[in-house]
Each structure stands twice: as structure tokens, then as C-alpha cells.
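Below: the structure, in C-alpha cells.
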Amino acid sequence: MNKNQAQTPLQSEGEINTSERRQAWALKTHDDATFAALEADARHFIHQSVSSPCLSVIAKAEGAYIEDLQGRRYLDFHGNNVHHIGYGHPRLKAAIAKQMDELPFAPRRFACEPATALAKKLSDISPGELSKVLFTTGGSDAVEVALKVARAATGRHKTISFWDAFHGAGFGAASVGGEQLFRSHVIGPLLTGSEHVAPFACYRCPYGYPDKDGKPQLELCKMMCAQFVRYVLEKEGDVAAVIAEPARAVPYIPPPGFWEEVRKACNDHGALLIFDEIPTGLGKTGRMFACDHDDVAPDILVMGKALGGGILPIAAVLIGEQLDVAGAYAFGHYTHEKNPVTARAALTTIEIIEEEDLVENAAILGQHALERLDEMKTRHKVLGDVRGRGFLFGAELVTDRNEKSPADDLAEDVYYRCLDKGLSFKITMGNTLTFTPPLILTRAQMDFALDVIDESLGEAAQAHGLG
Ligand SMILES: Cc1ncc(COP(=O)(O)O)c(C=O)c1O
């Protein structure tokens, strides 16, 4: 995009990264060098929604901050959930450099110490009895492996997953994913047998039950969202696995007892439970894994993102010993499946998370953030719902609290106002400000971000006549 183009709407069918609001923001924010870099990016990269053309250009990433080409710093409350230990942690950089000197690569069929040590460490920290591991380079591939293992171990192929979930970009992952953007129209056809049910979403219960200030009214709904999983498992009778994010990235946390119910239903019908902890694993929600809050262990767990410490790409699939039943076949066979450098990065990242008490930090400061947002809700009537756990939390904006009418345009306005004040985050589902800060965040940084949100909400609500 250049300055001339930015004056006319670029939004063509299927190209939705360039709203008018974004163009206006770009015009007042970017200099010529930034426009030139964005133009080069747009020229060379395949265009896709929520990616290229890009928002801005990054020149530095350090600790909890990213910095653009013009030297503006943003506290990064998104970070694609890779930045648990902050960007460029000195101890991680040193460990990676040392590993590169000692052993830079392991060709397939050769075992190596860092990969084995990481496999052991992951089974030690993961819930339940997950003692066997396979590494991939990205989360999407890890989901493909999980689905194949489930097929091999059950002799079945069907899956149940949730609408609005995201599990990655591969055909398997897109099949179990529930967002139109990643599975419909030009993307299909997808895997057969990929069934979907409506997810838990208490503030906007898809089954139509009322909530009490975002909280479920279980005596009324009888947790229909869990009962429906059981219903489909029973009707089909041959489902291989239920796959889900234990805490939804949107964000939504499950009603109490949800996973226990689904776990029981899976057990009753011979289906495996796969938890996708790619964004939530390693402490994001204030426990090492999001499912630890629910005391429910999956049969298969996938994780990734922060595992590489925000520097290197590595993801993992963990399964129980009893599912390791198809050694004559190949599930992954990935070029980097035992890469010693990515394995060392992951090992060191986990050491840092443990030694710096980062999971506890996310639990404490996440609670503080929710309390402050709850207080803001008493002053900003555009705040419809505030929810989350640890460092996965969000605020859903509405134009009318009774109607719960989504305030998408307002959310976008708040977003650019926050960027202008030095805070970056992500909008999900059109109207939900979604915050996933790094686990190294200090209380002062959290309060700075919350002040920015508070101020921007007030300004934007005024500007939209909703103050
Ligand atoms: C829940 C979930 N699953 C899977 C993935 C895919 O991971 P990757 O982008 O590493 O392929 C993501 C990425 O955002 C995710 O959030």
C-alpha cells in the first residue's frame, strides 16, 4: 500500500485486511519508508486474510515490546502467543548459540540428547500419562499427527470438534477447525467425518440459554453444550476423537464441569479426547496447561507456539503409551522432528518459565487485570462482557448491553487508539478485544496497558455516541 492507494478503498472481495479505518490510521501513522516496506511485502507475499497486506512493519522485538520501523514501541498483548518468556530472552539466545556450536542438526533416524531430554521433560510436566512424543515444526502439523494417531489407535476416522475453533491450516486441521475463513469456499473439500457442534460460549450461548453477567446458569441450561457432544458421540457410535481447545482463544473459558462431562462421554463411547493447547500451553492461563484448571487430562495433547521461546518454530504431540500402536506406519516423518537446536530452545524456555515463576505471575496479574476490567465495566457501558483466565483475557464490546449487539466498528476504533498509545493486541470475533500478554509482564506494564484500554474505550465510546 502506498499513500495514493491508501486514499481509495482497497478492500476487494476476499481481501479484508484493509478496512477504511485501517487506511486512515496508516495514512496518519506511516512514513514513506514504512509504506515502501509494506508495498514490497504485499508485492512478494501471497495475499491472505488477517496476514498480508500487513498492518505495519516491525524492526525490533525485545522483552514485552515490539518496535516499528519509525521507532514506536508497542507493549505486545498479542505476540501470537509465542512470547511467554518475552522476545529475545538472553539466556535462551545463549543456549541456542551454544547448541548450534555443539550439534546444529540431527538427520532423521539419529537420536540426539536435546530431543530426548525435551521429550522426557514434556511428559513430566504434562497432565495425565502422556509419555510418548513427536515434534513438528508448527502447531498445524502437530494437529495432523494427533488426528492420525487417533485414527490408528481407534480404527475409526470421525471427529467431533467445535464451531469457531481454530486448529491450524493443514487440511486435517482446517477440517476440524470451525471458522469459515479457514475451511469454506475456496479451501474445501475437507476430510469426511469431521463433525462440529456449537461450543461453550456462555455470554452468547449458541443453544439460546441466558447467562448471568457472562456466567452460565447451569440449573437452566444443564450444560447443553457438553450434552450435545455426548448426543453426537452416541448417535454416530464410531467417533475416533473429540478435539478442542480447553480454553477457547476467543477467549471463552469453559463452564465448571464441562470437560469432566465431555471426558466421561468420550470414555463411554470409545472416543479419544485431544486437547489443542498450542496457544494456551506452558502457563498462558495461569496453570501450566489450561486443562489443569479443569482437572481433566486428554488422551492426546498438542502444544507449540511458545515452546520455541518466541525465536524458533517447534510444536509437539504427546500421547499415552497405549496409543503408540502403529510403529509400522509414518505419522509425521518431519525433517526437523529431532532438531537439537529447536529442542534446546524448548528445554531452555521451559526452564525459564519454571525458574522465573512465570506461570504464577500470569495467574496473579491475570486476576488483577480481570478485576480492573470488571471495574471499567461499571463505567463503560460498551463493555458487554469481560472474561478470561490468567493471561488469556478479553473484553467484548456491544452497542447495547441488553441486546448484546456487537460493536465491531467501535472495537476497531479502540484498537487503533490503543496502538497510538503504545499497546498492541488482537480483535477476535469482530468485537472482542483479546489480550494475551507475555508471562514476563510486570504489574506496572499491566497497569499501563489497562490505563490505555480504559482511556481508549472512553474516547471511542464518546466518538461513537455511546459514552
Ligand atoms: C488453537 C490453535 N491450534 C493450532 C494452531 C496452529 O498453529 P501453527 O500456526 O503453529 O501452525 C493455532 C495457531 O494460532 C492455534 O491457536
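Going through the C-alpha cells in order, the chains are called A, B, and so on, while each chain numbers its residues from 1 and the ligands are numbered from 1 in the order shown.
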
Who sits within 9 Å of Tyr209 of chain A, only C-alpha atoms, same chain under 4 positions skipped, as a list in words =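 Here the qualifying residues turn out to be Cys202, Arg204, Cys205, Pro216, Gln217, Leu220, Cys221 and Met224 of chain A.
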
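For segment 340-422 of chain A, backbone-based DSSP labels the following residues as strand (DSSP E or B): Leu383, Gly384, Asp385, Val386, Arg387, Gly388, Arg389, Leu392, Phe393, Gly394, Ala395, Glu396, Leu397, Val398, Thr399, Asp400, Ser405 and Pro406 of chain A.
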
Got time to write the residues from that selection, C-alpha atoms, as a PDB file, in the first residue's frame?
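Result file follows (result-v5.pdb):
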```
ATOM      1  CA  LEU A 383     -18.207  -3.279  27.812  1.00  0.00           C
ATOM      2  CA  GLY A 384     -20.662  -6.142  27.413  1.00  0.00           C
ATOM      3  CA  ASP A 385     -18.571  -8.955  28.832  1.00  0.00           C
ATOM      4  CA  VAL A 386     -15.198  -9.309  30.491  1.00  0.00           C
ATOM      5  CA  ARG A 387     -13.762 -12.800  30.724  1.00  0.00           C
ATOM      6  CA  GLY A 388     -10.668 -14.968  30.706  1.00  0.00           C
ATOM      7  CA  ARG A 389      -8.100 -16.748  32.784  1.00  0.00           C
ATOM      8  CA  LEU A 392      -5.785 -15.068  28.152  1.00  0.00           C
ATOM      9  CA  PHE A 393      -8.476 -12.481  28.725  1.00  0.00           C
ATOM     10  CA  GLY A 394     -10.757 -10.238  26.754  1.00  0.00           C
ATOM     11  CA  ALA A 395     -13.439  -7.608  26.652  1.00  0.00           C
ATOM     12  CA  GLU A 396     -16.423  -7.909  24.355  1.00  0.00           C
ATOM     13  CA  LEU A 397     -17.821  -4.591  23.101  1.00  0.00           C
ATOM     14  CA  VAL A 398     -21.507  -4.006  22.471  1.00  0.00           C
ATOM     15  CA  THR A 399     -23.600  -1.024  21.419  1.00  0.00           C
ATOM     16  CA  ASP A 400     -26.392  -2.102  23.760  1.00  0.00           C
ATOM     17  CA  SER A 405     -25.400  -6.030  19.763  1.00  0.00           C
ATOM     18  CA  PRO A 406     -21.770  -6.468  18.653  1.00  0.00           C
TER      19      PRO A 406
END
```

request  = Rank nothing, just name the residue among A:Arg73, A:Ile46, A:Pro189, A:Ile278 nearest to Ile58 of chain A, using only C-alpha atoms.
outcome  = A:Arg73

request  = Would you mind listing the residues within 10 Å of ligand 1, counting only C-alpha atoms and all ligand atoms, as number ranges by chain?
outcome  = A: 80-82, 136-143, 165-170, 173-174, 177, 244-250, 275-281, 302-306, 313-315

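Distances from A:Met223, A:Ala328, A:Leu323, A:Val242 to Tyr207 of chain A were compared using only C-alpha atoms, and the smallest one belongs to A:Met223.
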
Of the listed residues A:Leu147, A:Met376, A:Ile311, A:Leu365, that which approaches Ile453 of chain A most closely, counting only C-alpha atoms =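 Answer, going by the shortest atom-to-atom distance: A:Met376.
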
query = At what distance in Å, to one decimal, does atom CA of Tyr65 of chain A lie from atom CA of Ile96 of chain A?
reply =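 Between atom CA of Ile96 of chain A and atom CA of Tyr65 of chain A the gap works out to 21.2 Å.
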
query = Hey, which of A:Ala150, A:Ala119, A:Leu92, A:Met429 ends up closest to Ala407 of chain A? Count only C-alpha atoms.
reply = A:Met429

ask   = Using the chain letters and numbers from this document, which residues of segment 254-361 of chain A does DSSP assign to helix (DSSP H, G or I), as an MDAnalysis selection string?
value = chainID A and resid 258:268 290:294 305:308 321:323 340:355 358:361

For the selection just defined, write its residues with C-alpha atoms to a file, as a PDB file, in the first residue's frame.
```
ATOM      1  CA  PHE A 258     -17.731 -29.032  31.126  1.00  0.00           C
ATOM      2  CA  TRP A 259     -14.588 -31.044  30.436  1.00  0.00           C
ATOM      3  CA  GLU A 260     -15.415 -33.602  33.081  1.00  0.00           C
ATOM      4  CA  GLU A 261     -18.721 -34.251  31.284  1.00  0.00           C
ATOM      5  CA  VAL A 262     -17.074 -34.450  27.868  1.00  0.00           C
ATOM      6  CA  ARG A 263     -14.328 -36.709  29.233  1.00  0.00           C
ATOM      7  CA  LYS A 264     -16.981 -39.084  30.592  1.00  0.00           C
ATOM      8  CA  ALA A 265     -18.896 -39.048  27.298  1.00  0.00           C
ATOM      9  CA  CYS A 266     -15.684 -39.868  25.372  1.00  0.00           C
ATOM     10  CA  ASN A 267     -14.919 -42.743  27.744  1.00  0.00           C
ATOM     11  CA  ASP A 268     -18.462 -44.089  27.405  1.00  0.00           C
ATOM     12  CA  ALA A 290      -5.313 -24.772  30.503  1.00  0.00           C
ATOM     13  CA  CYS A 291      -6.877 -28.188  31.172  1.00  0.00           C
ATOM     14  CA  ASP A 292      -5.175 -28.256  34.607  1.00  0.00           C
ATOM     15  CA  HIS A 293      -7.875 -25.806  35.740  1.00  0.00           C
ATOM     16  CA  ASP A 294     -10.489 -28.433  34.956  1.00  0.00           C
ATOM     17  CA  LYS A 305       3.934 -21.589  19.766  1.00  0.00           C
ATOM     18  CA  ALA A 306       5.719 -20.512  22.994  1.00  0.00           C
ATOM     19  CA  LEU A 307       7.581 -23.829  23.088  1.00  0.00           C
ATOM     20  CA  GLY A 308      10.264 -22.319  20.833  1.00  0.00           C
ATOM     21  CA  GLU A 321       1.898 -45.234  25.793  1.00  0.00           C
ATOM     22  CA  GLN A 322      -1.195 -47.302  24.923  1.00  0.00           C
ATOM     23  CA  LEU A 323      -1.825 -45.196  21.809  1.00  0.00           C
ATOM     24  CA  PRO A 340      18.658 -30.343  18.508  1.00  0.00           C
ATOM     25  CA  VAL A 341      18.562 -26.538  18.266  1.00  0.00           C
ATOM     26  CA  THR A 342      14.770 -26.214  18.420  1.00  0.00           C
ATOM     27  CA  ALA A 343      14.703 -28.897  21.125  1.00  0.00           C
ATOM     28  CA  ARG A 344      17.302 -26.956  23.152  1.00  0.00           C
ATOM     29  CA  ALA A 345      15.273 -23.774  22.699  1.00  0.00           C
ATOM     30  CA  ALA A 346      12.195 -25.548  24.068  1.00  0.00           C
ATOM     31  CA  LEU A 347      14.054 -27.066  27.017  1.00  0.00           C
ATOM     32  CA  THR A 348      15.547 -23.708  27.955  1.00  0.00           C
ATOM     33  CA  THR A 349      12.190 -21.964  27.538  1.00  0.00           C
ATOM     34  CA  ILE A 350      10.574 -24.382  29.991  1.00  0.00           C
ATOM     35  CA  GLU A 351      13.471 -23.896  32.445  1.00  0.00           C
ATOM     36  CA  ILE A 352      12.978 -20.127  32.250  1.00  0.00           C
ATOM     37  CA  ILE A 353       9.218 -20.421  32.760  1.00  0.00           C
ATOM     38  CA  GLU A 354       9.768 -22.631  35.806  1.00  0.00           C
ATOM     39  CA  GLU A 355      12.680 -20.770  37.363  1.00  0.00           C
ATOM     40  CA  LEU A 358       6.107 -17.105  35.148  1.00  0.00           C
ATOM     41  CA  VAL A 359       3.006 -19.283  35.442  1.00  0.00           C
ATOM     42  CA  GLU A 360       2.271 -17.828  38.860  1.00  0.00           C
ATOM     43  CA  ASN A 361       2.878 -14.330  37.514  1.00  0.00           C
TER      44      ASN A 361
END
```

Residue neighbourhood Leu423 of chain A, 10 Å, only C-alpha atoms, exclusion window fewer than 5 positions, as a list in words =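 Counting only the stated atoms, we get Tyr65, Ile66, Arg73, Tyr74, Leu75, Asp76, Phe77, His78, Tyr415, Tyr416, Arg417, Cys418, Phe448, Ala449, Leu450, Val452 and Ile453 of chain A.
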
query = Could you pull the residues within 9 Å of Asn17 of chain A, counting only C-alpha atoms, minus those fewer than 3 positions along the same chain, as a VMD selection string?
reply = chain A and resid 10 to 11 22 48 to 55

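Going from atom CA of Pro437 of chain A over to atom CA of Gln70 of chain A, you cover 22.7 Å.
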